[in-house]
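Asks: Quick one: this structure, given as structure tokens, is what I'll be asking you about.
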Amino acid sequence: MSEKLSKPVAASAIEKHVYKVFPNDMNAHDTVFGGMIMAKCDRLALVVAERHSARVCVTAAVDSIHFRAPAKGNDTLLFSLALNRSWGSSMEIGARVEAENSYTGETRHILSAFFTFVALDENDNPMDVPAVTPETAKQKKRFEKAEIRREGRLKTRTELAKMSDDDSV
């Protein structure tokens, strides 16, 4: 982009996207299958990335997935995702998932995660995305902490590049 545009967090955020849990979402422990929740977060994070960049985006990294509590049958999952920060062609999107008891309205924070997406041009090359403008105190805090997480991701990527093929499975 010739001039660096900036967009507010709210322009691409998803607040409390609803997903009703059904029996086919359950694992052998009779709780919601974590892989389904992770896949749903990845899809919704893609929506945030593409809304922000107005480009095709791909997942570059997923880190810090923390399952805090299980979700159970008859729960309703509430997905909230927002862009924390962007750098060049990459964007960090934070995800928070809550489980809501459909009958009492009680909610539990069940998952937090961070996704990194990269915007692509017509030739599948990374391209710059707009900056993000945090407006609230929470958004500003997430904006600052995103830089710390990025430094950790870059360090890990450097270390992984030093590994031989024999070091992985």
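So you can find residues: chains in the structure tokens are A, B, ... in the order shown, residues in each start at 1, and ligands are numbered from 1 in order.
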Can you pull out every residue within 9 Å of Leu5 (chain A), counting only C-alpha atoms, but drop anything in the same chain fewer than 5 positions away, and send it as an mmCIF file with all heavy atoms, in the first residue's frame?
Replies:
data_model
loop_
_atom_site.group_PDB
_atom_site.id
_atom_site.type_symbol
_atom_site.label_atom_id
_atom_site.label_comp_id
_atom_site.auth_asym_id
_atom_site.auth_seq_id
_atom_site.Cartn_x
_atom_site.Cartn_y
_atom_site.Cartn_z
ATOM 1 N N VAL A 129 -0.659 -4.798 5.083
ATOM 2 C CA VAL A 129 -2.043 -4.603 5.520
ATOM 3 C C VAL A 129 -2.131 -3.279 6.282
ATOM 4 O O VAL A 129 -1.109 -2.740 6.726
ATOM 5 C CB VAL A 129 -2.518 -5.764 6.413
ATOM 6 C CG1 VAL A 129 -2.430 -7.083 5.659
ATOM 7 C CG2 VAL A 129 -1.738 -5.835 7.712
ATOM 8 N N PRO A 130 -3.329 -2.759 6.458
ATOM 9 C CA PRO A 130 -3.461 -1.527 7.237
ATOM 10 C C PRO A 130 -3.015 -1.732 8.683
ATOM 11 O O PRO A 130 -3.079 -2.836 9.230
ATOM 12 C CB PRO A 130 -4.970 -1.244 7.194
ATOM 13 C CG PRO A 130 -5.480 -1.986 6.005
ATOM 14 C CD PRO A 130 -4.597 -3.201 5.889
ATOM 15 N N ALA A 131 -2.583 -0.648 9.295
ATOM 16 C CA ALA A 131 -2.310 -0.667 10.731
ATOM 17 C C ALA A 131 -3.649 -0.789 11.451
ATOM 18 O O ALA A 131 -4.712 -0.611 10.851
ATOM 19 C CB ALA A 131 -1.599 0.616 11.139
ATOM 20 N N VAL A 132 -3.591 -1.095 12.722
ATOM 21 C CA VAL A 132 -4.808 -1.156 13.524
ATOM 22 C C VAL A 132 -4.739 -0.054 14.577
ATOM 23 O O VAL A 132 -3.669 0.218 15.130
ATOM 24 C CB VAL A 132 -5.018 -2.553 14.160
ATOM 25 C CG1 VAL A 132 -3.912 -2.898 15.129
ATOM 26 C CG2 VAL A 132 -6.375 -2.643 14.831
#
Asks: I need the residues in region 38-101 of chain A that are alpha helix (DSSP H) according to DSSP; give them as a count of residues only.
Replies: 16
Asks: Tell me which of A:Ser53, A:Val48, A:Arg68, A:His29 sits closest to Met127 (chain A), counting only C-alpha atoms.
Replies: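 Closest residue, counting only C-alpha atoms: A:Ser53.
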Asks: Give me, as a VMD selection string, all polymer residues having an atom no more than 9 Å from Ile65 (chain A), counting only C-alpha atoms and skipping those fewer than 6 positions away in the same chain.
Replies: chain A and resid 38 111 to 114
Asks: Rank A:Asp75, A:Asp63, A:Glu92, A:Glu98 by their smallest atom-to-atom distance to Lys16 (chain A), using only C-alpha atoms, and report the top residue only.
Replies: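 That would be A:Glu98, the residue with the smallest distance to Lys16 (chain A).
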Asks: Considering only C-alpha atoms, tabulate each residue of region 51-94 of chain A that lies at most 12 Å from region 136-154 of chain A along with its nearest interatomic pair and the corresponding distance in Å to one decimal; arrange the rows by chain and ascending residue number and present them as CSV.
Replies:
residue,atom,partner,partner_atom,distance
A:Ala60,CA,A:Arg153,CA,10.7
A:Ala61,CA,A:Arg153,CA,8.4
A:Val62,CA,A:Arg153,CA,9.6
A:Asp63,CA,A:Arg153,CA,8.3
A:Ser64,CA,A:Arg149,CA,9.2
A:Leu81,CA,A:Gln139,CA,11.7
A:Ala82,CA,A:Gln139,CA,8.9
A:Leu83,CA,A:Phe143,CA,8.7
A:Asn84,CA,A:Phe143,CA,5.1
A:Arg85,CA,A:Phe143,CA,5.4
A:Ser86,CA,A:Ala146,CA,9.0
A:Trp87,CA,A:Glu147,CA,9.4
A:Ser90,CA,A:Arg150,CA,10.1
A:Met91,CA,A:Ala146,CA,9.6
A:Glu92,CA,A:Ala146,CA,7.1
A:Ile93,CA,A:Ala146,CA,9.1
A:Gly94,CA,A:Arg142,CA,8.5
Asks: Store the residues picked out above in a file with C-alpha atoms, as an mmCIF file, in the first residue's frame.
Replies:
data_model
loop_
_atom_site.group_PDB
_atom_site.id
_atom_site.type_symbol
_atom_site.label_atom_id
_atom_site.label_comp_id
_atom_site.auth_asym_id
_atom_site.auth_seq_id
_atom_site.Cartn_x
_atom_site.Cartn_y
_atom_site.Cartn_z
ATOM 1 C CA ALA A 60 0.703 -18.457 9.482
ATOM 2 C CA ALA A 61 0.795 -19.484 13.143
ATOM 3 C CA VAL A 62 -1.418 -20.517 16.014
ATOM 4 C CA ASP A 63 -0.039 -20.192 19.485
ATOM 5 C CA SER A 64 -1.003 -19.969 23.105
ATOM 6 C CA LEU A 81 -12.256 -12.397 18.106
ATOM 7 C CA ALA A 82 -10.428 -9.159 17.396
ATOM 8 C CA LEU A 83 -7.326 -7.925 15.659
ATOM 9 C CA ASN A 84 -4.705 -7.073 18.264
ATOM 10 C CA ARG A 85 -1.970 -5.681 16.022
ATOM 11 C CA SER A 86 -0.558 -5.765 12.494
ATOM 12 C CA TRP A 87 3.021 -5.684 11.192
ATOM 13 C CA SER A 90 0.977 -10.161 9.275
ATOM 14 C CA MET A 91 -1.808 -9.713 11.806
ATOM 15 C CA GLU A 92 -2.365 -11.139 15.292
ATOM 16 C CA ILE A 93 -5.940 -12.018 16.142
ATOM 17 C CA GLY A 94 -6.977 -12.868 19.680
#
Asks: Contacts of Asp121 (chain A) at 9 Å or less, counting only C-alpha atoms, minus same-chain residues fewer than 5 places along, as a PDB file with N, CA and C atoms, in the first residue's frame?
Replies:
ATOM      1  N   ARG A  55      -8.123  -8.586   1.816  1.00  0.00           N
ATOM      2  CA  ARG A  55      -7.332  -9.473   0.955  1.00  0.00           C
ATOM      3  C   ARG A  55      -7.582 -10.921   1.367  1.00  0.00           C
ATOM      4  N   VAL A  56      -7.167 -11.838   0.494  1.00  0.00           N
ATOM      5  CA  VAL A  56      -7.127 -13.249   0.850  1.00  0.00           C
ATOM      6  C   VAL A  56      -6.046 -13.404   1.915  1.00  0.00           C
ATOM      7  N   PRO A 126       3.148 -12.281   0.168  1.00  0.00           N
ATOM      8  CA  PRO A 126       2.682 -11.446   1.283  1.00  0.00           C
ATOM      9  C   PRO A 126       2.609  -9.977   0.872  1.00  0.00           C
ATOM     10  N   MET A 127       1.581  -9.303   1.372  1.00  0.00           N
ATOM     11  CA  MET A 127       1.445  -7.875   1.077  1.00  0.00           C
ATOM     12  C   MET A 127       1.056  -7.113   2.338  1.00  0.00           C
TER      13      MET A 127
END
Asks: How far is it from CA of Val97 (chain A) to CA of Ile14 (chain A), in Å with one decimal?
Replies: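 Value for the CA of Val97 (chain A)-CA of Ile14 (chain A) distance: 11.4 Å.
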Asks: What's the 12 Å shell around Gly105 (chain A), counting only C-alpha atoms, without same-chain residues fewer than 4 positions away, as a PyMOL selection string?
Replies: chain A and resi 74-78+98-101
Asks: Go ahead and save the residues from that selection, with C-alpha atoms, as a CSV table (one decimal), in the first residue's frame.
Replies:
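The new file again-v6.csv reads:
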chain,number,residue,atom,x,y,z
A,74,ASN,CA,-26.5,-28.2,25.8
A,75,ASP,CA,-24.0,-25.3,26.1
A,76,THR,CA,-23.9,-22.5,23.7
A,77,LEU,CA,-20.4,-21.4,22.6
A,78,LEU,CA,-19.8,-17.6,22.3
A,98,GLU,CA,-17.1,-18.7,26.5
A,99,ALA,CA,-19.6,-21.5,27.2
A,100,GLU,CA,-23.0,-20.3,28.1
A,101,ASN,CA,-25.6,-22.5,29.9
Asks: What does the distance between CA of Phe79 (chain A) and CA of Arg108 (chain A) come to in Å, to one decimal place?
Replies: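 A separation of 12.0 Å between them.
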Asks: Quick one: of A:Val58, A:Glu50, A:Gly73, A:Cys41, who's nearest to Asn27 (chain A), counting only C-alpha atoms?
Replies: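 Ranking A:Val58, A:Glu50, A:Gly73, A:Cys41 by distance to Asn27 (chain A), first place goes to A:Gly73.
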Asks: Mind listing the strand (DSSP E or B) residues of chain A, per DSSP on the backbone, as a count of residues only?
Replies: 67
Asks: Using only C-alpha atoms, can you tell me which of A:Ala13, A:Ala71, A:Cys57, A:Asp42 comes closest to Asp25 (chain A)?
Replies: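 Of A:Ala13, A:Ala71, A:Cys57, A:Asp42, the one nearest Asp25 (chain A), counting only C-alpha atoms, is A:Ala71.
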Asks: Could you state the separation of CA of Pro134 (chain A) and CA of Lys7 (chain A) in Å, given to one decimal place?
Replies: 8.7 Å
